[in-house]
Each structure stands twice: as C-alpha cells, then as structure tokens.
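Enquirer: What follows is a single structure, and I will ask about it in a moment.
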There are 2 protein chains.
Amino acid sequence: MQLLDGKKTADDIKNEIAAEVQSIKAAGGKVPHLAAVIVGSNGASLTYVGSKVKSCQQIGFDSTLVALPETITEAELLDKIKELNEDDNLDGFIVQLPLPKHINEEKILMAIDPDKDVDGFHPTNFGKMALDMETFIPATPFGIMQLLERYKVETAGKHTVVIGRSHIVGRPMSILMSRKGNPGDSTVTLTHSRTKDLAEFTKNADIIITALGVPEFLKGDMVKDGVVIIDVGITRVDDASHPKGYVIKGDVDFAEVSKKSSFITPVPGGVGPMTIAMLLQNTLLARKIRSRK
Amino acid sequence: MQLLDGKKTADDIKNEIAAEVQSIKAAGGKVPHLAAVIVGSNGASLTYVGSKVKSCQQIGFDSTLVALPETITEAELLDKIKELNEDDNLDGFIVQLPLPKHINEEKILMAIDPDKDVDGFHPTNFGKMALDMETFIPATPFGIMQLLERYKVETAGKHTVVIGRSHIVGRPMSILMSRKGNPGDSTVTLTHSRTKDLAEFTKNADIIITALGVPEFLKGDMVKDGVVIIDVGITRVDDASHPKGYVIKGDVDFAEVSKKSSFITPVPGGVGPMTIAMLLQNTLLARKIRSRK
C-alpha cells in the first residue's frame, strides 16, 4: 500500500510554479496575477481566501484581495466582476462561495469572463473540458488527476467507479477519467444517490473516487484487493478525546480499506492540500494563454 | 418486445410543434426562424440541409438557407457567422459539417453565439447541459431522451451502459442519463475503445446505448433478458440482393438481441428520424428564450 501524499505533491507543484515565476521574471516577463473576491465576513471563507492569497505571495504571483461588504447588491457585484474582467493587469480571479442569499450565485459565475475563470466553474470551461479542449480544470478534480499522474497510477482500461455526481467533483471526475489520455482512458461508472447495489459496483472497481461526505462509508468488504482509493470526503466528526473536540474523517474506513489498497489518499493530507496548488497552476496557465495573444 | 418507433415519435413531435406555431401566429407572435449554413456542394450535406429546411416549412417556421461557395475563406465565413449572430430576426442557426479542409471547424463553432447554437455543439451549451442548466441538447442525444420519455422507459436506478465516447453521442448520453430527472437518474458506465471485457459490462446492463459504427456488433449473448436497446449505429453494408446495392445496419444484431429486449430501436427508423424533430424543438426553445428577454 502506498499513500498518495497530497501535501508533499502540492509542495512539489508550488515549488515548480515558483521556479517558473523566477524564469518569467528573469526574462523580463509579467508574473501571473490572481485576484480573490470575498463578500461578507464568513470565517471559513476568510480562511480559504487568506490561504490562497498567502500561497500567491509565497510563489511570487501578484495577488489582490477584493473584500466587499455583506450588504453589496447583486448589481454592484456584477459591476465589480465586469471591472475585473476588463482589468488587463489581471490574469484570473475567483469569487469565494457561498455568496449572501440575496445574490444569485449562478448569475455571478456566468458573468465571469471564462478566460479569467481559474476556478473552472463557468459552463464554457466545463464544456471545453468535456469536449477535450484546453481549459481550466476545477481545482479538486485537477488535483486528483495530478496525484494519479505523479504517482504513475495506471488508469487506461481500468474500471473507475465515481461515487457522487456533484458539479465540482463527481461529474468532472467521471469526464476526466474517461477522456483520452493519461491519466484517463478508464471505463467509468458514475454512481449516486439513486444507484442500487452500490457495493456491486465498488467490489468490481479498480479505482474508486468517492465524494459523498458520509464518514467511513466505504468498508473493507466493499472493495477488491489492489484497489486504488481517492477519498474526497471531508467531514468533521465530534470526538471529545481530541483537543479540538472533533476529527476529520473521509468517506473511507481507512483502517480496513487501506489493507486492501495499492494506492490510497489519506484524509486529511490527500486531495485537500492539492486544491490551492491547482488554482495556482490554472492562474499560471491563464497568464500563458494571455501572453500568447 | 416493443419497438421504439422514431419515425412515429418524430412525426408526433413535429405535429406538436406545428400546433404551437399556429398558436404563436394566432396570438400575433413571431414564429421561430432557423437558418442553415452550407459550404460547398457535398451531396450528403445538401440532402441533410435540404431536409431541415423542408421540415421548417412543413411546421410553419421561417427558414433561410445560406449556401456559400467551397472557396470561401475562413475569415469570410467568420464574418457571415457574425452577421447571423447579430441578425435579430433569426432565432437559431446551424453550420452543416463537415467544412472544407482549409477552414478550422472548432474556430467556426466557437464563433457561433451560444444563444443561437441550436445544434448544442458550443462548449458553453455543452457545459450548461453537464451543469443542469437550461440549454440546447444536441439533437441525437435529445432524440434518445425523448424516445425514453415518451415510451415511459424506466431509467431511475437502472444501470445504463453507453458504448462510445464521441462528443456528439456517447459523452452527452453518459451525462444526460446520469443527471437528476426523468429520464435520467441512471447509474451510467461509459465504455469505449480502451474498455476491457466490454461484454462483462453489457451483460449487466439494464439499458444499452450504442454508438460504435460497427454493424451487428452487439450479439444476443452479450445482453441480459429484458434489456432496453438504443442503437445509434448507422453503417452501409454492401448487399447485392438489394436494389440500392446496400443495406443500413445498426450496431446491434437485431434478430438475436430483439428477442431478449423489452424495448429496442430499429435501424433505420429508430434514433435517426428523431434528429430533425429535436433541431426544430431547440429552435422553438431559442424563440421562447428570446421572447422572454
């Protein structure tokens, strides 16, 4: 059993990007510039956005934090998006979700210029991904593909079972794993809440990617020997014995399943740490595409 | 065994659309207007486009045929697309493929305003489909969904195996069948050229959608009793005993497989006749969306 170490891999990727930023600078080029928009003062959102800005600084990107009040109107936020779309100095930006209830998230996401949508959430970018065109892959799926690639996990001709059909993990993973290429070329089954006999699928899977949010749902008797496990679930479970009062659990019963796995992501420390690295990777790609034009 | 009769269903849909056009007219509204662009004089393409224009006339749509010479440059065609995008009198248009080799098809398709892309080939529309937003579903997949819906084929919780991962059939079908809704909510396995042991998947399938283009590939021993078969394959096979010198064959060995099927599409007369009806349906939707604005 080999751990797919997201923390180490994310650090490797950040170091590679930092080196590339140095070469861009040395050649007199413009470094990538990411902006993060945050509305209101949700604690978790502030933490996420803070980490993103900090990571930009660490690797030498320009970064801008656009903090807007909770009371901003939808029209005002749309104006701000327009301004960011038109800011030629900016390569990409993200709008941290969730937004306050009086703002229509879909309307905001649709207003982002797809060429600056480094989260890869705009339908144009999602469609490009499904149609095998160059685009920004959403951070979590992109991170999973990087883990598979860097640990040389064989995916071609394998049966991959994806659990959960969310827009940000399950659906894009089902597409990416079945596209031509490496990683990819898997036979993919997408399962979800309406699936009957889920264990019948997981028992026959060479690779399982689970994004369900049910702690320790996947047990040892639901997988076959040698399976590859990608666990995207992150749930806080109360645990009085821990100083924080909780522990983070994935969808996988790690103690049982890891014994049968060839590769497995730990939780935490697997998929989670990859997301910011992939956002930075997308921002670097945005810069490269813009510099070609 | 029940045949899924695409010819009859397509006629039903055309009649429904024609009735709706009459109501629009009676209410003093604008009827849908479809334009078809054809470059050069490929015989098959002229036939397809001719049928589309004729169908428009039959059901009371306005239609325009834009016939352009084989020698048109990419820049000139892009200008034409821009003109059609901006023509407020036009609800939707299609560009008949293939285009001459000196023209980049992807560039042309990307230039079409997604709001007028009634073929549903633009990545923005493809992405909207994958993200459960209102959009134009490509004609063949849309036709299949209509057949399943109108014949009340149960899809929720069923295991659907899609054979082939093309952008115009396999990939969109894998998405549509696994989306929430009815038809939909299937557990979907997408198989393709890199799949090992395809028969292991088809034998366990409740529904098989095949778009392979290999005549009579799917045999009776590859399916289980009660299976639902959607055959998208259309191949001409030489046959001297027929007046035309060929017969049209699907991917399915109809004689064998139909005996085990609960529902099955014939070839020809199954999925094929549905496509023009769905193009008209998309054009009607385009008109409705534009009239809301």
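Labels used: A, B, ... for chains in the order of the structure tokens, numbers from 1 for residues in each chain, and numbers from 1 for ligands as shown.
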Enumerate as a PDB file with C-alpha atoms, in the first residue's frame the residues belonging to chain A that approach chain B to within 10 Å, with only C-alpha atoms taken into account.

Expert:
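Written output follows (selection_16.pdb):
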ATOM      1  CA  GLU A 106     -25.276  31.357 -10.944  1.00  0.00           C
ATOM      2  CA  PRO A 114     -14.324  32.330 -18.997  1.00  0.00           C
ATOM      3  CA  PHE A 121     -16.761  26.675 -12.829  1.00  0.00           C
ATOM      4  CA  HIS A 122     -18.098  28.580 -15.875  1.00  0.00           C
ATOM      5  CA  PRO A 123     -20.122  26.344 -18.254  1.00  0.00           C
ATOM      6  CA  THR A 124     -17.883  27.367 -21.146  1.00  0.00           C
ATOM      7  CA  ASN A 125     -14.860  25.948 -19.352  1.00  0.00           C
ATOM      8  CA  PHE A 126     -16.763  22.908 -18.163  1.00  0.00           C
ATOM      9  CA  GLY A 127     -17.910  22.238 -21.726  1.00  0.00           C
ATOM     10  CA  LYS A 128     -14.381  22.679 -23.067  1.00  0.00           C
ATOM     11  CA  MET A 129     -13.192  20.079 -20.565  1.00  0.00           C
ATOM     12  CA  ALA A 130     -15.890  17.632 -21.710  1.00  0.00           C
ATOM     13  CA  LEU A 131     -15.020  18.333 -25.361  1.00  0.00           C
ATOM     14  CA  ASP A 132     -11.266  17.810 -24.854  1.00  0.00           C
ATOM     15  CA  MET A 133     -10.284  21.449 -25.399  1.00  0.00           C
ATOM     16  CA  ALA A 156      -6.085   3.121 -19.003  1.00  0.00           C
ATOM     17  CA  GLY A 157      -8.566   0.254 -19.412  1.00  0.00           C
ATOM     18  CA  LYS A 158      -9.215   0.204 -15.658  1.00  0.00           C
ATOM     19  CA  HIS A 159     -12.713   0.318 -14.234  1.00  0.00           C
ATOM     20  CA  THR A 160     -13.136   3.528 -12.277  1.00  0.00           C
ATOM     21  CA  VAL A 161     -16.175   3.962 -10.045  1.00  0.00           C
ATOM     22  CA  ARG A 165     -22.426  13.339  -9.147  1.00  0.00           C
ATOM     23  CA  SER A 166     -21.724  16.848  -7.820  1.00  0.00           C
ATOM     24  CA  HIS A 167     -20.790  19.587 -10.263  1.00  0.00           C
ATOM     25  CA  ILE A 168     -17.455  20.212  -8.590  1.00  0.00           C
ATOM     26  CA  ARG A 171     -19.323  14.888 -12.615  1.00  0.00           C
ATOM     27  CA  PRO A 172     -15.960  16.350 -13.702  1.00  0.00           C
ATOM     28  CA  SER A 174     -16.316  10.991 -14.443  1.00  0.00           C
ATOM     29  CA  ILE A 175     -15.478  13.034 -17.525  1.00  0.00           C
ATOM     30  CA  SER A 178     -12.942   8.607 -19.306  1.00  0.00           C
ATOM     31  CA  ARG A 179     -11.288  11.130 -21.638  1.00  0.00           C
ATOM     32  CA  LYS A 180      -8.486  10.014 -23.902  1.00  0.00           C
ATOM     33  CA  GLY A 184      -7.684   8.816 -18.338  1.00  0.00           C
ATOM     34  CA  ASP A 185      -8.897   6.128 -20.753  1.00  0.00           C
ATOM     35  CA  SER A 186     -10.723   4.464 -17.863  1.00  0.00           C
ATOM     36  CA  THR A 187     -14.077   2.759 -18.174  1.00  0.00           C
ATOM     37  CA  VAL A 188     -16.032   4.958 -15.777  1.00  0.00           C
ATOM     38  CA  THR A 189     -19.183   4.226 -13.812  1.00  0.00           C
ATOM     39  CA  LEU A 190     -20.788   7.257 -12.171  1.00  0.00           C
ATOM     40  CA  THR A 191     -22.844   6.269  -9.133  1.00  0.00           C
ATOM     41  CA  HIS A 192     -25.043   8.463  -6.957  1.00  0.00           C
ATOM     42  CA  SER A 193     -27.953   8.564  -4.528  1.00  0.00           C
ATOM     43  CA  ARG A 194     -30.240   6.699  -6.943  1.00  0.00           C
ATOM     44  CA  THR A 195     -27.767   3.866  -7.560  1.00  0.00           C
ATOM     45  CA  LYS A 196     -28.941   0.417  -6.485  1.00  0.00           C
ATOM     46  CA  ASP A 197     -26.421  -2.057  -5.030  1.00  0.00           C
ATOM     47  CA  LEU A 198     -23.534   0.380  -4.877  1.00  0.00           C
ATOM     48  CA  PHE A 201     -20.032  -1.613  -8.428  1.00  0.00           C
TER      49      PHE A 201
END

Enquirer: Might you pull out every residue within 7 Å of region 73-90 of chain A, with only C-alpha atoms counted and same-chain residues fewer than 4 positions away left off, and present them as a list in words?

Expert: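 Close residues of region 73-90 of chain A: His33, Leu34, Ile103, Ile108, Ala111, Ile112 and Asp113 of chain A.
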
Enquirer: Mind giving me the straight-line distance from CA of Gly164 (chain B) to CA of Leu212 (chain B) in Å, one decimal?

Expert: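 Separation of CA of Gly164 (chain B) and CA of Leu212 (chain B): 5.6 Å.
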
Enquirer: Would you kindly return, as an mmCIF file with C-alpha atoms, in the first residue's frame, each protein, DNA or RNA residue with an atom no farther than 7 Å from any atom of Met278 (chain B), considering only C-alpha atoms and excluding same-chain residues fewer than 4 positions away?

Expert:
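Below is the file result.cif, written as the result:
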data_model
loop_
_atom_site.group_PDB
_atom_site.id
_atom_site.type_symbol
_atom_site.label_atom_id
_atom_site.label_comp_id
_atom_site.auth_asym_id
_atom_site.auth_seq_id
_atom_site.Cartn_x
_atom_site.Cartn_y
_atom_site.Cartn_z
ATOM 1 C CA ALA B 139 -30.162 16.554 -31.495
ATOM 2 C CA PHE B 142 -32.101 14.830 -27.174
ATOM 3 C CA GLY B 143 -33.970 12.474 -29.514
ATOM 4 C CA MET B 274 -35.652 11.969 -34.307
ATOM 5 C CA ASN B 282 -34.386 23.521 -30.000
#

Enquirer: May I ask which of the residues A:Val232, A:Leu285, A:Leu4, A:Ile17 is the closest one to Phe263 (chain A), counting only C-alpha atoms?

Expert: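 Under the stated criterion, the closest residue is A:Leu4.
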
Enquirer: If you run DSSP on this backbone, which residues of region 130-243 of chain A come out as helix (DSSP H, G or I), and could you give them as a VMD selection string?

Expert: chain A and resid 130 139 to 150 170 to 178 198 to 202 220 to 222

Enquirer: Show me, as a list of chain:residue names, the residues that have an atom within 12 Å of Lys288 (chain A) when counting only C-alpha atoms, minus same-chain residues fewer than 3 positions from it.

Expert: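 Neighbouring residues, sequence-local ones excluded: A:Glu20, A:Val21, A:Ile24, A:Gly29, A:Lys30, A:Val31, A:Pro32, A:His33, A:Asp91, A:Gly92, A:Asp115, A:Lys116, A:Thr135, A:Gln281, A:Asn282, A:Thr283, A:Leu284, A:Leu285, A:Ser291, A:Arg292, A:Lys293.
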
Enquirer: Go ahead and dump the residues you just picked, N, CA and C atoms, as a compact mmCIF listing (two decimals), in the first residue's frame.

Expert:
# COMPACT_ATOMS: atom_id res chain seq x y z
N GLU A 20 9.16 28.56 -12.11
CA GLU A 20 8.74 29.11 -13.40
C GLU A 20 8.52 30.63 -13.29
N VAL A 21 8.00 31.06 -12.16
CA VAL A 21 7.81 32.51 -11.95
C VAL A 21 9.17 33.21 -11.98
N ILE A 24 10.21 33.59 -15.53
CA ILE A 24 9.44 34.64 -16.19
C ILE A 24 10.03 36.00 -15.82
N GLY A 29 9.46 39.14 -18.06
CA GLY A 29 8.03 38.96 -18.33
C GLY A 29 7.17 39.39 -17.16
N LYS A 30 5.88 39.35 -17.39
CA LYS A 30 4.91 39.71 -16.36
C LYS A 30 4.56 38.46 -15.56
N VAL A 31 4.58 38.56 -14.23
CA VAL A 31 4.23 37.39 -13.42
C VAL A 31 2.70 37.25 -13.34
N PRO A 32 2.21 36.02 -13.11
CA PRO A 32 0.76 35.82 -13.01
C PRO A 32 0.15 36.64 -11.87
N HIS A 33 -1.06 37.08 -12.09
CA HIS A 33 -1.75 37.91 -11.10
C HIS A 33 -3.15 37.35 -10.85
N ASP A 91 -4.77 38.25 -14.50
CA ASP A 91 -4.85 37.04 -15.34
C ASP A 91 -6.06 36.18 -15.00
N GLY A 92 -6.39 36.13 -13.72
CA GLY A 92 -7.52 35.30 -13.34
C GLY A 92 -8.07 35.78 -12.00
N ASP A 115 -12.20 33.25 -19.78
CA ASP A 115 -10.73 33.27 -19.91
C ASP A 115 -10.05 33.64 -18.59
N LYS A 116 -10.82 34.17 -17.64
CA LYS A 116 -10.24 34.51 -16.34
C LYS A 116 -10.78 33.62 -15.21
N THR A 135 -8.40 24.11 -21.28
CA THR A 135 -9.21 24.94 -20.40
C THR A 135 -8.72 24.84 -18.96
N GLN A 281 -1.79 26.70 -10.47
CA GLN A 281 -1.43 26.15 -11.78
C GLN A 281 -2.34 26.73 -12.86
N ASN A 282 -3.64 26.83 -12.56
CA ASN A 282 -4.59 27.42 -13.52
C ASN A 282 -4.27 28.88 -13.78
N THR A 283 -3.85 29.60 -12.74
CA THR A 283 -3.53 31.01 -12.91
C THR A 283 -2.29 31.18 -13.78
N LEU A 284 -1.33 30.28 -13.60
CA LEU A 284 -0.15 30.30 -14.46
C LEU A 284 -0.56 30.02 -15.91
N LEU A 285 -1.47 29.06 -16.11
CA LEU A 285 -1.96 28.76 -17.46
C LEU A 285 -2.67 29.98 -18.06
N SER A 291 -0.48 35.64 -22.63
CA SER A 291 0.76 36.15 -23.22
C SER A 291 0.92 35.70 -24.67
N ARG A 292 0.19 34.60 -25.05
CA ARG A 292 0.21 34.15 -26.45
C ARG A 292 -0.57 35.08 -27.35
N LYS A 293 -1.54 35.81 -26.78
CA LYS A 293 -2.47 36.58 -27.61
C LYS A 293 -1.87 37.88 -28.13

Enquirer: Could you find all residues in region 13-208 of chain B that DSSP calls strand (DSSP E or B) from the backbone, and write them as a tab-separated table (two decimals) with N, CA and C atoms, in the first residue's frame?

Expert:
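Final output, selection.tsv:
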chain	number	residue	atom	x	y	z
B	33	HIS	N	-37.43	31.12	-36.36
B	33	HIS	CA	-36.73	31.27	-37.63
B	33	HIS	C	-35.36	30.59	-37.52
B	34	LEU	N	-35.16	29.56	-38.35
B	34	LEU	CA	-33.91	28.80	-38.36
B	34	LEU	C	-33.16	29.06	-39.66
B	35	ALA	N	-31.85	29.27	-39.55
B	35	ALA	CA	-31.03	29.34	-40.77
B	35	ALA	C	-30.05	28.17	-40.78
B	36	ALA	N	-29.78	27.66	-41.97
B	36	ALA	CA	-28.79	26.58	-42.13
B	36	ALA	C	-27.71	27.07	-43.08
B	37	VAL	N	-26.46	26.97	-42.62
B	37	VAL	CA	-25.33	27.39	-43.44
B	37	VAL	C	-24.70	26.16	-44.06
B	38	ILE	N	-24.51	26.19	-45.36
B	38	ILE	CA	-23.81	25.08	-46.01
B	38	ILE	C	-22.70	25.64	-46.88
B	39	VAL	N	-21.52	25.03	-46.77
B	39	VAL	CA	-20.37	25.47	-47.55
B	39	VAL	C	-20.04	24.36	-48.56
B	62	ASP	N	-40.11	30.01	-40.09
B	62	ASP	CA	-39.36	30.69	-41.13
B	62	ASP	C	-38.01	29.98	-41.26
B	63	SER	N	-37.50	29.89	-42.48
B	63	SER	CA	-36.19	29.27	-42.65
B	63	SER	C	-35.39	29.98	-43.72
B	64	THR	N	-34.08	29.94	-43.55
B	64	THR	CA	-33.18	30.56	-44.52
B	64	THR	C	-32.06	29.58	-44.82
B	65	LEU	N	-31.78	29.37	-46.08
B	65	LEU	CA	-30.64	28.54	-46.47
B	65	LEU	C	-29.52	29.47	-46.90
B	66	VAL	N	-28.40	29.38	-46.23
B	66	VAL	CA	-27.24	30.20	-46.57
B	66	VAL	C	-26.22	29.30	-47.26
B	67	ALA	N	-26.22	29.31	-48.58
B	67	ALA	CA	-25.32	28.43	-49.34
B	67	ALA	C	-24.09	29.23	-49.75
B	68	LEU	N	-22.93	28.77	-49.33
B	68	LEU	CA	-21.69	29.50	-49.58
B	68	LEU	C	-20.75	28.64	-50.42
B	92	GLY	N	-32.15	30.91	-34.41
B	92	GLY	CA	-31.06	29.94	-34.29
B	92	GLY	C	-30.51	29.60	-35.65
B	93	PHE	N	-29.28	29.08	-35.67
B	93	PHE	CA	-28.75	28.60	-36.95
B	93	PHE	C	-27.75	27.47	-36.72
B	94	ILE	N	-27.58	26.72	-37.78
B	94	ILE	CA	-26.63	25.62	-37.73
B	94	ILE	C	-25.63	25.78	-38.88
B	95	VAL	N	-24.44	25.27	-38.67
B	95	VAL	CA	-23.45	25.21	-39.74
B	95	VAL	C	-23.25	23.73	-40.05
B	117	ASP	N	-27.07	28.69	-30.92
B	117	ASP	CA	-26.45	27.40	-31.28
B	117	ASP	C	-27.43	26.25	-31.05
B	159	HIS	N	-29.01	0.43	-14.54
B	159	HIS	CA	-27.62	0.52	-14.97
B	159	HIS	C	-27.59	0.69	-16.49
B	160	THR	N	-27.16	1.88	-16.91
B	160	THR	CA	-27.07	2.19	-18.33
B	160	THR	C	-25.62	2.08	-18.77
B	161	VAL	N	-25.39	1.31	-19.82
B	161	VAL	CA	-24.05	1.21	-20.40
B	161	VAL	C	-24.05	1.91	-21.75
B	162	VAL	N	-23.18	2.91	-21.87
B	162	VAL	CA	-23.05	3.66	-23.11
B	162	VAL	C	-21.79	3.15	-23.81
B	163	ILE	N	-21.90	2.83	-25.10
B	163	ILE	CA	-20.74	2.34	-25.85
B	163	ILE	C	-20.30	3.43	-26.82
B	187	THR	N	-27.50	4.84	-13.15
B	187	THR	CA	-26.09	4.61	-12.89
B	187	THR	C	-25.46	4.34	-14.25
B	188	VAL	N	-24.53	5.19	-14.68
B	188	VAL	CA	-24.05	5.10	-16.06
B	188	VAL	C	-22.59	4.66	-16.14
B	189	THR	N	-22.35	3.66	-16.97
B	189	THR	CA	-20.98	3.27	-17.30
B	189	THR	C	-20.70	3.67	-18.74
B	190	LEU	N	-19.66	4.47	-18.92
B	190	LEU	CA	-19.26	4.89	-20.27
B	190	LEU	C	-18.09	4.02	-20.72
B	191	THR	N	-18.34	3.23	-21.77
B	191	THR	CA	-17.29	2.34	-22.30
B	191	THR	C	-16.80	2.87	-23.64
B	207	ILE	N	-29.93	-0.99	-19.57
B	207	ILE	CA	-30.12	-0.17	-20.77
B	207	ILE	C	-28.78	-0.09	-21.48
B	208	ILE	N	-28.76	-0.31	-22.79
B	208	ILE	CA	-27.53	-0.18	-23.57
B	208	ILE	C	-27.76	0.85	-24.67

Enquirer: For Ala10 (chain B), find every residue with an atom within 7 Å (counting only C-alpha atoms), except residues of its own chain fewer than 2 positions away, and show them as a ChimeraX atom specification.

Expert: /B:6-8,12-14,273-274,277

Enquirer: Produce a file of the selected residues containing N, CA and C atoms, as a compact mmCIF listing (two decimals), in the first residue's frame.

Expert:
# COMPACT_ATOMS: atom_id res chain seq x y z
N GLY B 6 -39.04 5.65 -33.92
CA GLY B 6 -38.55 7.03 -34.05
C GLY B 6 -39.29 7.81 -35.12
N LYS B 7 -39.74 7.13 -36.14
CA LYS B 7 -40.45 7.83 -37.22
C LYS B 7 -41.77 8.40 -36.70
N LYS B 8 -42.52 7.54 -36.01
CA LYS B 8 -43.81 7.97 -35.48
C LYS B 8 -43.62 9.07 -34.41
N ASP B 12 -45.00 12.85 -34.33
CA ASP B 12 -45.79 13.40 -33.21
C ASP B 12 -45.21 14.74 -32.76
N ILE B 13 -43.90 14.75 -32.58
CA ILE B 13 -43.24 15.98 -32.08
C ILE B 13 -43.41 17.11 -33.09
N LYS B 14 -43.22 16.80 -34.37
CA LYS B 14 -43.39 17.85 -35.39
C LYS B 14 -44.82 18.39 -35.38
N PRO B 273 -34.60 9.26 -37.35
CA PRO B 273 -35.65 10.22 -37.69
C PRO B 273 -35.89 11.28 -36.62
N MET B 274 -35.40 11.04 -35.40
CA MET B 274 -35.65 11.97 -34.31
C MET B 274 -34.83 13.25 -34.41
N ALA B 277 -36.45 16.50 -35.80
CA ALA B 277 -37.50 16.96 -34.88
C ALA B 277 -36.90 17.69 -33.68

Enquirer: At a cut-off of 10 Å, using only C-alpha atoms, what residues contact region 249-259 of chain A? Leave out same-chain residues fewer than 2 positions from it and give the result as a tab-separated table (two decimals) with N, CA and C atoms, in the first residue's frame.

Expert:
chain	number	residue	atom	x	y	z
A	1	MET	N	0.83	-1.22	0.00
A	1	MET	CA	0.00	0.00	0.00
A	1	MET	C	0.87	1.26	0.00
A	2	GLN	N	0.57	2.12	-0.94
A	2	GLN	CA	1.30	3.38	-0.98
A	2	GLN	C	0.34	4.54	-0.76
A	3	LEU	N	0.73	5.45	0.12
A	3	LEU	CA	-0.06	6.66	0.35
A	3	LEU	C	0.12	7.63	-0.81
A	163	ILE	N	-18.17	7.93	-6.94
A	163	ILE	CA	-19.35	7.97	-6.07
A	163	ILE	C	-19.72	9.43	-5.82
A	209	ILE	N	-13.28	6.64	-6.65
A	209	ILE	CA	-13.16	8.05	-6.30
A	209	ILE	C	-14.45	8.41	-5.59
A	210	THR	N	-14.36	8.71	-4.30
A	210	THR	CA	-15.58	8.92	-3.55
A	210	THR	C	-15.68	10.35	-3.01
A	211	ALA	N	-16.83	10.96	-3.26
A	211	ALA	CA	-17.08	12.34	-2.84
A	211	ALA	C	-18.50	12.42	-2.33
A	212	LEU	N	-18.71	11.72	-1.22
A	212	LEU	CA	-20.06	11.51	-0.71
A	212	LEU	C	-20.32	12.37	0.52
A	213	GLY	N	-19.30	12.52	1.37
A	213	GLY	CA	-19.48	13.27	2.61
A	213	GLY	C	-20.13	12.45	3.71
A	214	VAL	N	-20.02	11.13	3.64
A	214	VAL	CA	-20.52	10.26	4.71
A	214	VAL	C	-19.30	9.57	5.33
A	215	PRO	N	-18.97	9.93	6.59
A	215	PRO	CA	-17.72	9.45	7.18
A	215	PRO	C	-17.63	7.92	7.23
A	216	GLU	N	-16.50	7.39	6.76
A	216	GLU	CA	-16.19	5.95	6.82
A	216	GLU	C	-17.26	5.07	6.19
A	217	PHE	N	-17.86	5.57	5.14
A	217	PHE	CA	-18.92	4.84	4.45
A	217	PHE	C	-18.39	3.60	3.72
A	218	LEU	N	-17.22	3.76	3.10
A	218	LEU	CA	-16.68	2.66	2.28
A	218	LEU	C	-15.88	1.70	3.16
A	219	LYS	N	-16.39	0.48	3.30
A	219	LYS	CA	-15.79	-0.51	4.19
A	219	LYS	C	-14.91	-1.49	3.40
A	220	GLY	N	-14.13	-2.24	4.14
A	220	GLY	CA	-13.21	-3.21	3.53
A	220	GLY	C	-13.89	-4.24	2.66
A	221	ASP	N	-15.09	-4.67	3.04
A	221	ASP	CA	-15.74	-5.73	2.26
A	221	ASP	C	-16.42	-5.18	1.00
A	222	MET	N	-16.31	-3.87	0.77
A	222	MET	CA	-16.91	-3.28	-0.43
A	222	MET	C	-15.89	-3.08	-1.55
A	223	VAL	N	-14.63	-3.47	-1.32
A	223	VAL	CA	-13.59	-3.24	-2.34
A	223	VAL	C	-12.81	-4.53	-2.58
A	224	LYS	N	-12.15	-4.57	-3.74
A	224	LYS	CA	-11.35	-5.76	-4.03
A	224	LYS	C	-9.87	-5.48	-3.72
A	225	ASP	N	-9.09	-6.52	-3.67
A	225	ASP	CA	-7.66	-6.37	-3.39
A	225	ASP	C	-6.98	-5.58	-4.50
A	226	GLY	N	-6.09	-4.68	-4.11
A	226	GLY	CA	-5.31	-3.93	-5.09
A	226	GLY	C	-5.99	-2.66	-5.57
A	227	VAL	N	-7.15	-2.35	-4.99
A	227	VAL	CA	-7.91	-1.17	-5.43
A	227	VAL	C	-7.12	0.13	-5.18
A	228	VAL	N	-7.37	1.13	-6.02
A	228	VAL	CA	-6.83	2.48	-5.83
A	228	VAL	C	-7.96	3.33	-5.25
A	229	ILE	N	-7.68	4.03	-4.15
A	229	ILE	CA	-8.73	4.79	-3.47
A	229	ILE	C	-8.39	6.28	-3.44
A	230	ILE	N	-9.32	7.07	-3.97
A	230	ILE	CA	-9.23	8.53	-3.88
A	230	ILE	C	-10.40	9.00	-3.03
A	231	ASP	N	-10.10	9.53	-1.87
A	231	ASP	CA	-11.14	9.89	-0.91
A	231	ASP	C	-11.27	11.41	-0.85
A	232	VAL	N	-12.38	11.93	-1.39
A	232	VAL	CA	-12.58	13.38	-1.43
A	232	VAL	C	-13.46	13.84	-0.26
A	233	GLY	N	-14.03	12.89	0.46
A	233	GLY	CA	-14.90	13.25	1.58
A	233	GLY	C	-14.13	13.93	2.70
A	234	ILE	N	-14.72	14.96	3.26
A	234	ILE	CA	-14.14	15.62	4.44
A	234	ILE	C	-15.29	15.96	5.37
A	235	THR	N	-15.38	15.25	6.48
A	235	THR	CA	-16.46	15.51	7.42
A	235	THR	C	-15.86	15.67	8.82
A	236	ARG	N	-16.36	16.65	9.55
A	236	ARG	CA	-15.96	16.79	10.95
A	236	ARG	C	-16.79	15.85	11.79
A	237	VAL	N	-16.15	15.04	12.58
A	237	VAL	CA	-16.87	14.12	13.47
A	237	VAL	C	-16.48	14.46	14.90
A	246	TYR	N	-13.04	17.55	17.74
A	246	TYR	CA	-13.52	16.81	16.56
A	246	TYR	C	-12.33	16.23	15.81
A	247	VAL	N	-12.62	15.28	14.94
A	247	VAL	CA	-11.61	14.78	14.00
A	247	VAL	C	-12.18	14.89	12.59
A	261	SER	N	-5.67	-1.87	-0.35
A	261	SER	CA	-5.40	-0.91	-1.43
A	261	SER	C	-3.98	-1.00	-1.96
A	262	SER	N	-3.83	-0.69	-3.25
A	262	SER	CA	-2.48	-0.49	-3.79
A	262	SER	C	-2.04	0.96	-3.56
A	263	PHE	N	-2.96	1.89	-3.79
A	263	PHE	CA	-2.73	3.32	-3.51
A	263	PHE	C	-3.95	3.86	-2.78
A	264	ILE	N	-3.72	4.78	-1.85
A	264	ILE	CA	-4.86	5.39	-1.15
A	264	ILE	C	-4.47	6.80	-0.68
A	265	THR	N	-5.44	7.72	-0.77
A	265	THR	CA	-5.21	9.07	-0.23
A	265	THR	C	-5.61	9.09	1.23
A	266	PRO	N	-4.77	9.65	2.09
A	266	PRO	CA	-5.19	9.84	3.48
A	266	PRO	C	-6.15	11.04	3.57
A	267	VAL	N	-6.94	11.08	4.65
A	267	VAL	CA	-7.75	12.26	4.96
A	267	VAL	C	-7.51	12.59	6.41
A	268	PRO	N	-7.01	13.76	6.74
A	268	PRO	CA	-6.59	14.81	5.82
A	268	PRO	C	-5.22	14.52	5.20
A	270	GLY	N	-4.60	14.29	1.78
A	270	GLY	CA	-4.64	13.66	0.46
A	270	GLY	C	-5.04	14.68	-0.61

Enquirer: Give me, please, the distance in Å between CA of Thr140 (chain B) and CA of Thr275 (chain B), quoted to one decimal.

Expert: 5.3 Å
